[in-house]
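J.: File follows, start.cif with mmCIF, C-alpha atoms, pLDDT in the B column; chains and numbers go by the auth columns:
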data_query
loop_
_atom_site.group_PDB
_atom_site.id
_atom_site.type_symbol
_atom_site.label_atom_id
_atom_site.label_comp_id
_atom_site.label_asym_id
_atom_site.label_seq_id
_atom_site.Cartn_x
_atom_site.Cartn_y
_atom_site.Cartn_z
_atom_site.B_iso_or_equiv
_atom_site.auth_seq_id
_atom_site.auth_asym_id
ATOM 1 C CA MET A 1 0.000 0.000 0.000 46.00 209 R
ATOM 2 C CA ALA A 2 2.875 2.291 0.579 47.00 210 R
ATOM 3 C CA GLU A 3 3.944 1.870 -3.027 47.00 211 R
ATOM 4 C CA GLU A 4 0.539 2.885 -4.277 49.00 212 R
ATOM 5 C CA LYS A 5 0.628 6.158 -2.332 50.00 213 R
ATOM 6 C CA LYS A 6 3.997 7.208 -3.734 50.00 214 R
ATOM 7 C CA PRO A 7 2.894 7.398 -7.351 50.00 215 R
ATOM 8 C CA VAL A 8 -0.156 9.406 -6.308 49.00 216 R
ATOM 9 C CA GLN A 9 2.020 11.839 -4.353 51.00 217 R
ATOM 10 C CA GLU A 10 4.432 12.243 -7.265 49.00 218 R
ATOM 11 C CA SER A 11 1.616 13.013 -9.654 50.00 219 R
ATOM 12 C CA GLU A 12 0.221 15.589 -7.172 50.00 220 R
ATOM 13 C CA GLN A 13 3.659 17.233 -6.975 50.00 221 R
ATOM 14 C CA GLU A 14 3.890 17.391 -10.756 50.00 222 R
ATOM 15 C CA ALA A 15 0.424 18.940 -10.873 50.00 223 R
ATOM 16 C CA ASN A 16 1.409 21.517 -8.218 51.00 224 R
ATOM 17 C CA THR A 17 4.647 22.536 -9.964 52.00 225 R
ATOM 18 C CA GLU A 18 3.006 23.119 -13.338 60.00 226 R
ATOM 19 C CA PRO A 19 0.782 26.018 -12.176 62.00 227 R
ATOM 20 C CA ALA A 20 3.753 27.555 -10.313 63.00 228 R
ATOM 21 C CA GLU A 21 5.878 27.405 -13.455 72.00 229 R
ATOM 22 C CA GLU A 22 3.063 28.852 -15.501 73.00 230 R
ATOM 23 C CA SER A 23 2.531 31.745 -13.076 74.00 231 R
ATOM 24 C CA ALA A 24 6.297 32.453 -13.044 73.00 232 R
ATOM 25 C CA LYS A 25 6.304 32.529 -16.835 76.00 233 R
ATOM 26 C CA ALA A 26 3.278 34.821 -16.841 74.00 234 R
ATOM 27 C CA ALA A 27 4.949 37.198 -14.372 73.00 235 R
ATOM 28 C CA GLU A 28 8.101 37.244 -16.521 75.00 236 R
ATOM 29 C CA LYS A 29 6.044 38.076 -19.614 70.00 237 R
ATOM 30 C CA GLU A 30 4.354 40.955 -17.772 71.00 238 R
ATOM 31 C CA LYS A 31 7.753 42.345 -16.702 68.00 239 R
ATOM 32 C CA LYS A 32 8.945 42.248 -20.302 65.00 240 R
ATOM 33 C CA LYS A 33 5.723 43.887 -21.422 62.00 241 R
ATOM 34 C CA LYS A 34 6.100 46.673 -18.808 61.00 242 R
ATOM 35 C CA LYS A 35 9.723 47.240 -19.824 59.00 243 R
ATOM 36 C CA SER A 36 8.735 47.497 -23.432 56.00 244 R
ATOM 37 C CA GLU A 37 6.033 50.060 -22.585 65.00 245 R
ATOM 38 C CA LYS A 38 7.498 53.526 -22.656 76.00 246 R
ATOM 39 C CA ILE A 39 6.469 56.141 -20.129 78.00 247 R
ATOM 40 C CA PRO A 40 5.352 59.259 -21.948 88.00 248 R
ATOM 41 C CA LYS A 41 7.921 62.062 -21.773 88.00 249 R
ATOM 42 C CA GLU A 42 5.431 64.475 -20.164 89.00 250 R
ATOM 43 C CA ASP A 43 4.758 62.023 -17.316 90.00 251 R
ATOM 44 C CA TYR A 44 8.466 61.350 -16.879 91.00 252 R
ATOM 45 C CA ASP A 45 9.278 65.064 -16.767 92.00 253 R
ATOM 46 C CA ARG A 46 6.406 65.720 -14.347 93.00 254 R
ATOM 47 C CA LEU A 47 7.526 62.890 -12.040 93.00 255 R
ATOM 48 C CA GLN A 48 11.164 64.030 -12.214 94.00 256 R
ATOM 49 C CA ALA A 49 10.167 67.618 -11.325 95.00 257 R
ATOM 50 C CA GLU A 50 8.031 66.347 -8.449 95.00 258 R
ATOM 51 C CA PHE A 51 10.933 64.213 -7.201 96.00 259 R
ATOM 52 C CA ASP A 52 13.329 67.184 -7.400 96.00 260 R
ATOM 53 C CA SER A 53 10.834 69.351 -5.516 96.00 261 R
ATOM 54 C CA HIS A 54 10.496 66.779 -2.718 97.00 262 R
ATOM 55 C CA LYS A 55 14.261 66.323 -2.587 97.00 263 R
ATOM 56 C CA GLN A 56 14.801 70.090 -2.192 97.00 264 R
ATOM 57 C CA GLN A 57 12.117 70.245 0.483 97.00 265 R
ATOM 58 C CA HIS A 58 13.778 67.368 2.341 97.00 266 R
ATOM 59 C CA LEU A 59 17.179 69.069 2.174 97.00 267 R
ATOM 60 C CA ARG A 60 15.685 72.324 3.514 97.00 268 R
ATOM 61 C CA VAL A 61 14.104 70.471 6.443 97.00 269 R
ATOM 62 C CA LEU A 62 17.448 68.810 7.223 97.00 270 R
ATOM 63 C CA ALA A 63 19.216 72.191 7.130 97.00 271 R
ATOM 64 C CA GLU A 64 16.565 73.775 9.370 97.00 272 R
ATOM 65 C CA TYR A 65 16.884 70.945 11.872 97.00 273 R
ATOM 66 C CA ASP A 66 20.667 71.283 11.917 97.00 274 R
ATOM 67 C CA ASN A 67 20.365 75.044 12.498 97.00 275 R
ATOM 68 C CA PHE A 68 17.825 74.439 15.275 97.00 276 R
ATOM 69 C CA ARG A 69 20.122 71.925 16.960 97.00 277 R
ATOM 70 C CA LYS A 70 23.075 74.343 16.842 97.00 278 R
ATOM 71 C CA ARG A 71 20.954 77.275 18.043 97.00 279 R
ATOM 72 C CA SER A 72 19.584 75.204 20.953 96.00 280 R
ATOM 73 C CA ALA A 73 23.091 74.168 21.997 96.00 281 R
ATOM 74 C CA ASN A 74 24.254 77.806 21.889 96.00 282 R
ATOM 75 C CA GLU A 75 21.248 78.961 23.927 96.00 283 R
ATOM 76 C CA LYS A 76 21.865 76.222 26.488 95.00 284 R
ATOM 77 C CA ASN A 77 25.497 77.288 26.868 94.00 285 R
ATOM 78 C CA ALA A 78 24.458 80.943 27.141 95.00 286 R
ATOM 79 C CA VAL A 79 21.920 80.166 29.885 95.00 287 R
ATOM 80 C CA TYR A 80 24.526 78.168 31.817 94.00 288 R
ATOM 81 C CA ASN A 81 27.151 80.903 31.450 94.00 289 R
ATOM 82 C CA ASN A 82 24.646 83.571 32.559 94.00 290 R
ATOM 83 C CA ALA A 83 23.688 81.517 35.626 92.00 291 R
ATOM 84 C CA VAL A 84 27.326 81.045 36.605 92.00 292 R
ATOM 85 C CA SER A 85 28.026 84.730 36.031 94.00 293 R
ATOM 86 C CA ASP A 86 25.065 85.795 38.198 91.00 294 R
ATOM 87 C CA THR A 87 26.176 83.442 40.958 91.00 295 R
ATOM 88 C CA ILE A 88 29.740 84.755 40.894 93.00 296 R
ATOM 89 C CA ASN A 89 28.496 88.364 40.933 92.00 297 R
ATOM 90 C CA ALA A 90 26.440 87.608 44.055 91.00 298 R
ATOM 91 C CA ILE A 91 29.404 86.027 45.851 92.00 299 R
ATOM 92 C CA LEU A 92 32.223 88.372 44.745 94.00 300 R
ATOM 93 C CA PRO A 93 31.485 91.074 47.386 93.00 301 R
ATOM 94 C CA VAL A 94 31.863 88.413 50.080 93.00 302 R
ATOM 95 C CA ALA A 95 35.219 87.355 48.667 93.00 303 R
ATOM 96 C CA ASP A 96 36.317 91.007 48.574 94.00 304 R
ATOM 97 C CA ASN A 97 35.456 91.444 52.255 92.00 305 R
ATOM 98 C CA ILE A 98 37.377 88.288 53.175 92.00 306 R
ATOM 99 C CA ASP A 99 40.417 89.685 51.365 92.00 307 R
ATOM 100 C CA ARG A 100 40.043 93.005 53.228 90.00 308 R
ATOM 101 C CA ALA A 101 39.791 91.186 56.565 89.00 309 R
ATOM 102 C CA LEU A 102 42.928 89.177 55.848 88.00 310 R
ATOM 103 C CA ALA A 103 44.823 92.340 54.848 90.00 311 R
ATOM 104 C CA GLN A 104 44.343 93.841 58.336 88.00 312 R
ATOM 105 C CA GLU A 105 47.555 93.615 60.350 88.00 313 R
ATOM 106 C CA ASN A 106 46.792 95.031 63.768 89.00 314 R
ATOM 107 C CA VAL A 107 43.321 93.820 64.682 89.00 315 R
ATOM 108 C CA SER A 108 41.899 92.494 67.912 91.00 316 R
ATOM 109 C CA ALA A 109 40.140 89.156 68.189 90.00 317 R
ATOM 110 C CA GLU A 110 36.856 90.943 68.903 93.00 318 R
ATOM 111 C CA ASP A 111 37.138 93.037 65.732 91.00 319 R
ATOM 112 C CA MET A 112 38.017 89.923 63.735 90.00 320 R
ATOM 113 C CA LYS A 113 34.935 88.166 65.132 91.00 321 R
ATOM 114 C CA LYS A 114 32.721 91.130 64.152 92.00 322 R
ATOM 115 C CA GLY A 115 34.191 91.060 60.651 90.00 323 R
ATOM 116 C CA VAL A 116 33.555 87.331 60.262 92.00 324 R
ATOM 117 C CA GLU A 117 29.961 87.792 61.509 94.00 325 R
ATOM 118 C CA MET A 118 29.447 90.551 58.928 94.00 326 R
ATOM 119 C CA ILE A 119 30.810 88.284 56.201 94.00 327 R
ATOM 120 C CA ALA A 120 28.513 85.465 57.342 94.00 328 R
ATOM 121 C CA SER A 121 25.484 87.766 57.163 94.00 329 R
ATOM 122 C CA GLN A 122 26.633 88.915 53.730 94.00 330 R
ATOM 123 C CA PHE A 123 26.795 85.274 52.614 92.00 331 R
ATOM 124 C CA LYS A 124 23.230 84.728 53.855 93.00 332 R
ATOM 125 C CA ALA A 125 22.077 87.803 51.917 93.00 333 R
ATOM 126 C CA SER A 126 23.811 86.507 48.786 93.00 334 R
ATOM 127 C CA PHE A 127 22.142 83.111 49.174 93.00 335 R
ATOM 128 C CA GLU A 128 18.728 84.757 49.578 92.00 336 R
ATOM 129 C CA LYS A 129 19.374 86.792 46.436 91.00 337 R
ATOM 130 C CA LEU A 130 20.135 83.561 44.559 91.00 338 R
ATOM 131 C CA GLY A 131 17.038 81.814 45.971 93.00 339 R
ATOM 132 C CA ILE A 132 19.001 79.412 48.161 94.00 340 R
ATOM 133 C CA ARG A 133 17.521 78.605 51.570 93.00 341 R
ATOM 134 C CA GLU A 134 18.881 76.726 54.572 93.00 342 R
ATOM 135 C CA VAL A 135 17.381 73.440 55.766 94.00 343 R
ATOM 136 C CA GLY A 136 18.041 71.497 58.946 92.00 344 R
ATOM 137 C CA GLN A 137 17.376 73.523 62.095 92.00 345 R
ATOM 138 C CA VAL A 138 17.354 72.148 65.641 92.00 346 R
ATOM 139 C CA GLY A 139 13.784 71.216 66.608 90.00 347 R
ATOM 140 C CA GLU A 140 12.600 70.490 63.047 92.00 348 R
ATOM 141 C CA PRO A 141 11.165 67.047 62.294 93.00 349 R
ATOM 142 C CA PHE A 142 13.653 64.739 60.572 94.00 350 R
ATOM 143 C CA ASP A 143 13.061 64.288 56.818 93.00 351 R
ATOM 144 C CA PRO A 144 15.357 61.809 55.036 93.00 352 R
ATOM 145 C CA ALA A 145 14.791 63.663 51.752 94.00 353 R
ATOM 146 C CA LEU A 146 16.379 66.798 53.258 94.00 354 R
ATOM 147 C CA HIS A 147 18.553 65.554 56.106 95.00 355 R
ATOM 148 C CA ASN A 148 21.351 63.036 56.522 95.00 356 R
ATOM 149 C CA ALA A 149 21.243 61.493 60.009 94.00 357 R
ATOM 150 C CA VAL A 150 24.776 60.720 61.218 95.00 358 R
ATOM 151 C CA ALA A 151 23.991 60.284 64.920 93.00 359 R
ATOM 152 C CA HIS A 152 21.112 59.243 67.158 92.00 360 R
ATOM 153 C CA ILE A 153 20.397 60.077 70.792 92.00 361 R
ATOM 154 C CA GLU A 154 17.676 59.287 73.314 91.00 362 R
ATOM 155 C CA SER A 155 16.127 62.394 74.842 85.00 363 R
ATOM 156 C CA ASP A 156 13.026 62.928 76.961 82.00 364 R
ATOM 157 C CA GLU A 157 12.976 66.648 76.115 83.00 365 R
ATOM 158 C CA LEU A 158 12.637 66.184 72.342 83.00 366 R
ATOM 159 C CA GLY A 159 9.905 64.363 70.452 82.00 367 R
ATOM 160 C CA GLU A 160 10.105 61.408 68.066 87.00 368 R
ATOM 161 C CA ASN A 161 12.364 61.913 64.988 89.00 369 R
ATOM 162 C CA VAL A 162 13.319 65.486 65.863 92.00 370 R
ATOM 163 C CA ILE A 163 16.646 67.097 64.955 93.00 371 R
ATOM 164 C CA SER A 164 18.681 67.578 68.135 93.00 372 R
ATOM 165 C CA ALA A 165 21.907 68.947 66.610 94.00 373 R
ATOM 166 C CA VAL A 166 23.089 70.220 63.217 95.00 374 R
ATOM 167 C CA PHE A 167 26.658 69.355 62.235 96.00 375 R
ATOM 168 C CA GLN A 168 26.461 70.839 58.724 96.00 376 R
ATOM 169 C CA LYS A 169 23.699 73.032 57.288 94.00 377 R
ATOM 170 C CA GLY A 170 21.794 71.872 54.247 95.00 378 R
ATOM 171 C CA TYR A 171 20.711 74.065 51.346 95.00 379 R
ATOM 172 C CA MET A 172 17.913 73.983 48.784 96.00 380 R
ATOM 173 C CA LEU A 173 17.453 75.838 45.528 94.00 381 R
ATOM 174 C CA GLY A 174 13.730 75.849 44.841 91.00 382 R
ATOM 175 C CA ASP A 175 12.603 72.232 45.226 93.00 383 R
ATOM 176 C CA LYS A 176 16.067 70.778 44.591 95.00 384 R
ATOM 177 C CA VAL A 177 18.336 69.785 47.463 96.00 385 R
ATOM 178 C CA VAL A 178 21.778 71.287 46.840 94.00 386 R
ATOM 179 C CA ARG A 179 23.276 69.717 49.959 96.00 387 R
ATOM 180 C CA HIS A 180 21.617 67.541 52.616 96.00 388 R
ATOM 181 C CA ALA A 181 21.912 68.747 56.201 96.00 389 R
ATOM 182 C CA MET A 182 24.097 66.547 58.407 96.00 390 R
ATOM 183 C CA VAL A 183 22.140 66.142 61.655 96.00 391 R
ATOM 184 C CA GLN A 184 21.729 64.249 64.898 95.00 392 R
ATOM 185 C CA VAL A 185 18.260 62.812 65.489 95.00 393 R
ATOM 186 C CA ALA A 186 16.571 62.284 68.828 92.00 394 R
ATOM 187 C CA ASN A 187 14.614 59.156 69.805 82.00 395 R
#
Do you think you could lay out the structure here as structure tokens?
T.:
Amino acid sequence: MAEEKKPVQESEQEANTEPAEESAKAAEKEKKKKKSEKIPKEDYDRLQAEFDSHKQQHLRVLAEYDNFRKRSANEKNAVYNNAVSDTINAILPVADNIDRALAQENVSAEDMKKGVEMIASQFKASFEKLGIREVGQVGEPFDPALHNAVAHIESDELGENVISAVFQKGYMLGDKVVRHAMVQVAN
């Protein structure tokens, strides 16, 4: 019975390959026919002009994008340079006063302390002008997003998770933490 099935399968394969060969021949004839057909010169010229127009439009868009990219990079650098310049201008008077304080030869410790206090208040004024504010005061509740706890104490006087000491002030610019406050937390 197996021998009977083989001849049937072979004849089915031959039948299947004949339509495939015929369709391949038909497709080849159509290609030759299309090649032999000439596109009218008016249509060719119209299509070529349309292609050239689209190509020029594409090149203009590429050039505009390149100019936009360069302009954006220049603006970004200008904004950064202006921000740095404004920051330096706010801090320069403080640096000048430090230089003046160091230039003093005969000064008492009390006068030196007053000078340093004046410089510290000038720094605070400069920070306010720049929009920088301090975070991490004694008595504030501890917030891990703003504070870095480096020590812990038990205290009956202070509440739960309250800052008991500040080792280093923290600073924020708007909503961004510039530096976390280094604090000691009670309880």
J.: My list of candidates is R:Val385, R:Val358, R:Val302, R:Ala257. Which is closest to R:Gln330 when distances are computed with all atoms listed in the file?
T.: R:Val302
J.: Show me the residues close to (12.7, 56.7, 62.7) - anything with an atom within 10 Å, counting all atoms listed in the file - and format the list as number ranges by chain.
T.: R: 350-352, 360, 368-370, 393-395
J.: Report, in Å to a single decimal, how far apart atom CA of R:Glu342 and atom CA of R:Glu362 are.
T.: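 Calculated distance between atom CA of R:Glu362 and atom CA of R:Glu342 is 25.6 Å.
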J.: Can you turn the PyMOL selection byres ((chain R and resi 355) around 9) into a concrete residue list for this file, as a list of chain:residue names?
T.: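 Residues picked by the PyMOL selection byres ((chain R and resi 355) around 9): R:Val343, R:Gly344, R:Phe350, R:Asp351, R:Pro352, R:Ala353, R:Leu354, R:Asn356, R:Ala357, R:Gly378, R:Arg387, R:His388, R:Ala389, R:Met390, R:Val391.
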J.: Write to file, as a short mmCIF file (atom, residue, chain, number, x, y, z; two decimals), in the coordinates of the input, the residues of the selection just made, with C-alpha atoms.
T.:
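Saved to out-v5.cif:
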data_model
loop_
_atom_site.label_atom_id
_atom_site.label_comp_id
_atom_site.auth_asym_id
_atom_site.auth_seq_id
_atom_site.Cartn_x
_atom_site.Cartn_y
_atom_site.Cartn_z
CA VAL R 343 17.38 73.44 55.77
CA GLY R 344 18.04 71.50 58.95
CA PHE R 350 13.65 64.74 60.57
CA ASP R 351 13.06 64.29 56.82
CA PRO R 352 15.36 61.81 55.04
CA ALA R 353 14.79 63.66 51.75
CA LEU R 354 16.38 66.80 53.26
CA ASN R 356 21.35 63.04 56.52
CA ALA R 357 21.24 61.49 60.01
CA GLY R 378 21.79 71.87 54.25
CA ARG R 387 23.28 69.72 49.96
CA HIS R 388 21.62 67.54 52.62
CA ALA R 389 21.91 68.75 56.20
CA MET R 390 24.10 66.55 58.41
CA VAL R 391 22.14 66.14 61.66
#
J.: Give me, please, the distance in Å between atom CA of R:Lys384 and atom CA of R:Val292, quoted to one decimal.
T.: 17.2 Å
J.: Hey, can you check how far atom CA of R:Glu348 sits from atom CA of R:Ile371?
T.: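 For atom CA of R:Glu348 relative to atom CA of R:Ile371, the distance reads 5.6 Å.
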J.: Can you translate the PyMOL selection byres ((chain R and resi 324) around 12) into the concrete residues it hits in this file, as a PDB file with C-alpha atoms, in the frame of the given file?
T.:
ATOM      1  CA  VAL R 302      31.863  88.413  50.080  1.00 93.00           C
ATOM      2  CA  ALA R 303      35.219  87.355  48.667  1.00 93.00           C
ATOM      3  CA  ASN R 305      35.456  91.444  52.255  1.00 92.00           C
ATOM      4  CA  ILE R 306      37.377  88.288  53.175  1.00 92.00           C
ATOM      5  CA  ASP R 307      40.417  89.685  51.365  1.00 92.00           C
ATOM      6  CA  ARG R 308      40.043  93.005  53.228  1.00 90.00           C
ATOM      7  CA  ALA R 309      39.791  91.186  56.565  1.00 89.00           C
ATOM      8  CA  LEU R 310      42.928  89.177  55.848  1.00 88.00           C
ATOM      9  CA  ALA R 317      40.140  89.156  68.189  1.00 90.00           C
ATOM     10  CA  GLU R 318      36.856  90.943  68.903  1.00 93.00           C
ATOM     11  CA  ASP R 319      37.138  93.037  65.732  1.00 91.00           C
ATOM     12  CA  MET R 320      38.017  89.923  63.735  1.00 90.00           C
ATOM     13  CA  LYS R 321      34.935  88.166  65.132  1.00 91.00           C
ATOM     14  CA  LYS R 322      32.721  91.130  64.152  1.00 92.00           C
ATOM     15  CA  GLY R 323      34.191  91.060  60.651  1.00 90.00           C
ATOM     16  CA  GLU R 325      29.961  87.792  61.509  1.00 94.00           C
ATOM     17  CA  MET R 326      29.447  90.551  58.928  1.00 94.00           C
ATOM     18  CA  ILE R 327      30.810  88.284  56.201  1.00 94.00           C
ATOM     19  CA  ALA R 328      28.513  85.465  57.342  1.00 94.00           C
ATOM     20  CA  SER R 329      25.484  87.766  57.163  1.00 94.00           C
ATOM     21  CA  GLN R 330      26.633  88.915  53.730  1.00 94.00           C
ATOM     22  CA  PHE R 331      26.795  85.274  52.614  1.00 92.00           C
TER      23      PHE R 331
END
J.: Given all atoms listed in the file as the basis, pick out the residue of R:Leu255, R:Gln265, R:Leu338, R:Asp274 nearest to R:Ser293.
T.: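 Of the candidates, the smallest distance to R:Ser293 is held by R:Leu338.
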